[in-house]
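Before any comments, here is the structure.
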Amino acid sequence: MTEEKKEINKVEIKCIRNGFKMEDAFQRLYKRSKHFTIENMDLLFYPYLLIEYEVKFRGKLEKLSETVLVLCDMWRGQFSMAKTAGDFTKIQVDESSLIPVKYDKERAIKEGPRTVYGEIQAKKKVLNIPDIEYLYDELIYKPFYIVECKNDEQEVFHILFDAVNGDFSLLNA
Amino acid sequence: MIGGGVTEYVVLLIYLFGMIGIGVYWAKHTSTSEDYLLGGRKIGSVLTALTLQTTSMSGYMFMGGPAQSYKEGYFTLWYAVGDGGGAIFNVGILGKRMRRLSYFLGCLSPIEYIEKRYPGKATRIIAAIIAICFVYGYVLAQFLSAGKTMCALLGVPLPIAIIIGAGVIVFYTFAGGYLAVAWTDFIQGIVMVCSMVTIFILAWNQVGGLTGLNEGLRALDPTYVGMWGKDDMYLGQWGVVAGAVGVYLIGYMGLPHVVIRHMAMEKPSLAKQTVVIATVWNQLFIFVPYIIGLMGILMLPNIDDPEMVVLTMAYELLPGVLAAIVLVAIMSAIMSTADAQLMLMGTMLGRDIYQRYINKDATDKQLMNVSRICILAVGVISVIIALVQPPGVFQLVVFSFATLGSSFLPSYVGAVWTKWGNTTGCYASMVSGCIISIVWEAAGLASVTGMHTFFVGIIVSIAAYCIGSAIGKPPTEEMKDLIDRAGCKIKIPTGLATANYKDIAPETNGVLTFLKDSTYMEERGFQPV
């Protein structure tokens, strides 16, 4: 019965390839300190909409056209620029390990150019407004580990570990 | 006029162009509003400690402090005692907890922080009005100090001196934002320490060390070396002594332009290092100007203006170029305070007024431009006022300091140390602290009662915070949880606590909200987060 339920809840997602397996994460954390133990660890997947736009400039001396990638955090609705599309893989995961998509996809596509415009203004010092054209979008997930630890006094704390690049952050401290 | 030669102009010009260069450099490396307003939260411990200290001290330490000990003798060291411990109190009490809580609440400005900790319709507008008005008083006072220093030392007419000094401050704050301010403060901090310590050592040798200083002062007037001031002017007045120690010991915790530094630290764990660095800095630097003032009594007994004691000694003891560097150090002290305050005003006018009440959907770029325009406008208005009808510098500083401290200190400290402190308490504290300070000053009650404006203000403000919080609606359970987390009761192993989590900060907050509302942890056998 339980097995059957688990099977039903499996979904296929497109995910950024996991650069850190569980053992790698263990090693990385223990390298920072020996004064704690890892009690539990599991994957959690964070949703993003990867949006590609074409940006066209009309400068005095040259005409420029380039494609840019924007990532929209589909849980909180925050935007950032992506340097590369990344290395993706399709995997089957338990649906309960996915953070749900709360942000509206159409709204994300509409608001994305604002981030592109801001980035271009700041980085390229372009004063005229470029044409930004939507090309493509895709829902992707980024894997994180939730790590439950105990310190030497046996107090529990949690770590969020980025399974792609190995960054980590204390969740409740 | 003490200086006014070619050397002073050359050294000053090199210094001014150096500062402009830093401004231009950071303008090219500033891309998002978080970079502009808080240096992308990537300010390290050395930089945080030095900017905190240089921001706090201003030109008062080069002119006011030595002048005061020149006039009052050893009594003035009570102020230094308070200031010496000020960094430990300021960073130790607020540092780590405020950095954590501001990070959890997602705040960029000290007013936004107050509003999120004490949510309410009027929080931001009350806090912003008080902060903008009295930080502005500070800005104006710094421009006037800069102008008067340049005028006295270089022989430049006051209007031109004010325009040049203010122009440079506005330019590099306007162009590069917080990082420019932090880095120029760092350089200014080094210049300040080196020049003060050099004068101190040379004068120390000349007066025959501590024994020679004490014997010389005692021979002139025994009350110079007593604890009650020259001619025992404060004999038995323990309230005045307590005031002298206390003002600088706790007052800085209520100044928005000082506490914003806690929010810019790269990691909360840096707070401990910052306390150590700031304390070492203080012990090196805080007592020195006052003791130089004491040595000035022996070395320059007939000086006309005691505020010129450090400069006059510099010209007596150092070769021309080095003396000119001391001049630059004084300008540095003034500028490092002024630019931090200008930056804060830009932040408050941009984020707290423009984004909140004028354009809620302002983009990062628009916000950055508005902050820059506001900084420029504040600078221009200050110069106009300074030229048309300049108020007294030190009265303005003391009044602004007392009012800001009285209005905000209970709310900033209570925000991280109490779970019962609430919005009603915050309103009561801000309004009563501000009003009592204004009334006390306007009615001249400080001289009548012998109680300093700051102390009356802070007592009333703390009482109002406690009473207001007792009758108001308690903070939400979520807020209490955040305050607990900011307090970090759990002992985190050092290697993990110092991890750089800035890059995944947005996801960390997102994951936390998800975990709290889902069954993820329970289903997998985790303890609740």
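Labels used: A, B, ... for chains in the order of the structure tokens, numbers from 1 for residues in each chain, and numbers from 1 for ligands as shown.
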| task | Skip Gly73 in chain B itself and residues of its chain fewer than 5 positions away, then list as a count of residues only all residues within 6 Å of it, counting only C-alpha atoms. | result | 3
| request: Excluding Ala25 in chain A and any residue of its chain fewer than 5 positions from it, enumerate the residues within 12 Å of it, using only C-alpha atoms, and give them as a list in words. | output: Asn18, Gly19, Phe20, Tyr30, Lys31, Arg32, Ile38, Met41, Asp42, Leu43, Phe144, Tyr145, Ile146, Val147, Ile159, Leu160, Phe161, Asp162, Ala163, Val164, Asn165, Gly166, Asp167 and Phe168 of chain A
| said: Give me, as JSON, numbers by chain, the residues of chain A touching chain B, with the criterion being at most 10 Å (counting only C-alpha atoms). | reply: {"A": [29, 30, 31, 32, 33, 34, 35, 36, 39, 40, 41, 42, 44, 45, 46, 73, 75, 76, 78, 96, 97, 98, 99, 100, 114, 115, 117, 118, 119, 120, 121, 122, 123, 125, 144, 146, 147, 148, 149, 150, 151, 152, 153, 154, 155, 156, 157, 158, 159, 160, 161, 162, 167, 168, 169, 170, 171, 172, 173]}
| said: Please determine, counting only C-alpha atoms, which residue among B:Ala415, B:Tyr79, B:Gly472, B:Glu8 has the shortest atom-to-atom distance to Met253 in chain B. | reply: B:Ala415
| field | Test item: residues at most 9 Å from Trp417 in chain B, only C-alpha atoms, excluding those fewer than 5 positions along its chain, as a ChimeraX atom specification | value | /B:93-94,97,412,483,487
| message | Which residues are close to range 284-299 of chain B, i.e. within 9 Å by only C-alpha atoms, leaving aside same-chain residues fewer than 4 positions away? Reply as a count of residues only. | response | 41
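Going from CA of Lys121 in chain B over to CA of Ser461 in chain B, you cover 20.5 Å.
When only C-alpha atoms are used to measure the gap to Val55 in chain A, the shortest distance among A:Thr67, A:Thr84, A:Gln92, A:Thr37 belongs to A:Thr67.
Interatomic distance, CA of Glu133 in chain A against CA of Phe88 in chain A: 24.3 Å.
CA of Gly82 in chain B is positioned 4.2 Å from CA of Val245 in chain B.
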| said: Here is a test: counting only C-alpha atoms, which residue of A:Ile91, A:Cys15, A:Met22, A:Leu135 is nearest to Glu54 in chain A? | reply: A:Leu135
| query | Contacts of Glu112 in chain B at 12 Å or less, counting only C-alpha atoms, minus same-chain residues fewer than 3 places along, as a PyMOL selection string? | reply | chain B and resi 101-103+105-109+115-120+123-128+131+256+260+263+347-353+355-356+412
Determine, counting only C-alpha atoms, which protein, DNA and RNA residues have an atom within 7 Å of an atom of Gln341 in chain B; residues of the same chain fewer than 2 positions away are not included. Present the result as a compact mmCIF listing (two decimals) with N, CA and C atoms, in the first residue's frame.
# COMPACT_ATOMS: atom_id res chain seq x y z
N VAL B 135 19.44 63.39 10.89
CA VAL B 135 20.66 63.03 10.16
C VAL B 135 21.05 64.21 9.28
N VAL B 139 24.58 66.17 8.75
CA VAL B 139 25.21 66.44 7.44
C VAL B 139 25.60 67.91 7.35
N HIS B 257 22.85 56.04 11.18
CA HIS B 257 24.00 56.00 10.28
C HIS B 257 25.14 55.16 10.85
N THR B 337 32.53 61.18 8.38
CA THR B 337 31.23 61.24 9.04
C THR B 337 30.18 61.75 8.06
N ALA B 338 30.54 62.79 7.32
CA ALA B 338 29.57 63.40 6.42
C ALA B 338 29.12 62.44 5.31
N ASP B 339 30.08 61.68 4.75
CA ASP B 339 29.68 60.83 3.62
C ASP B 339 28.76 59.69 4.08
N MET B 343 25.02 59.12 2.64
CA MET B 343 24.64 57.82 2.10
C MET B 343 23.35 57.33 2.75
N LEU B 344 23.27 57.52 4.05
CA LEU B 344 22.08 57.08 4.78
C LEU B 344 20.86 57.87 4.32
N MET B 345 21.05 59.16 4.11
CA MET B 345 19.93 59.98 3.66
C MET B 345 19.47 59.54 2.28
| message | Nearest residue to Val101 in chain A out of A:Tyr141, A:Phe26, A:Phe79, A:Tyr134, using only C-alpha atoms? | response | A:Tyr141
| Using the chain letters and numbers from this document, which residues of range 79-252 of chain B does DSSP assign to alpha helix (DSSP H), as a ChimeraX atom specification? | /B:79-89,96-105,110-117,123-154,158-176,178-207,209-220,238-250
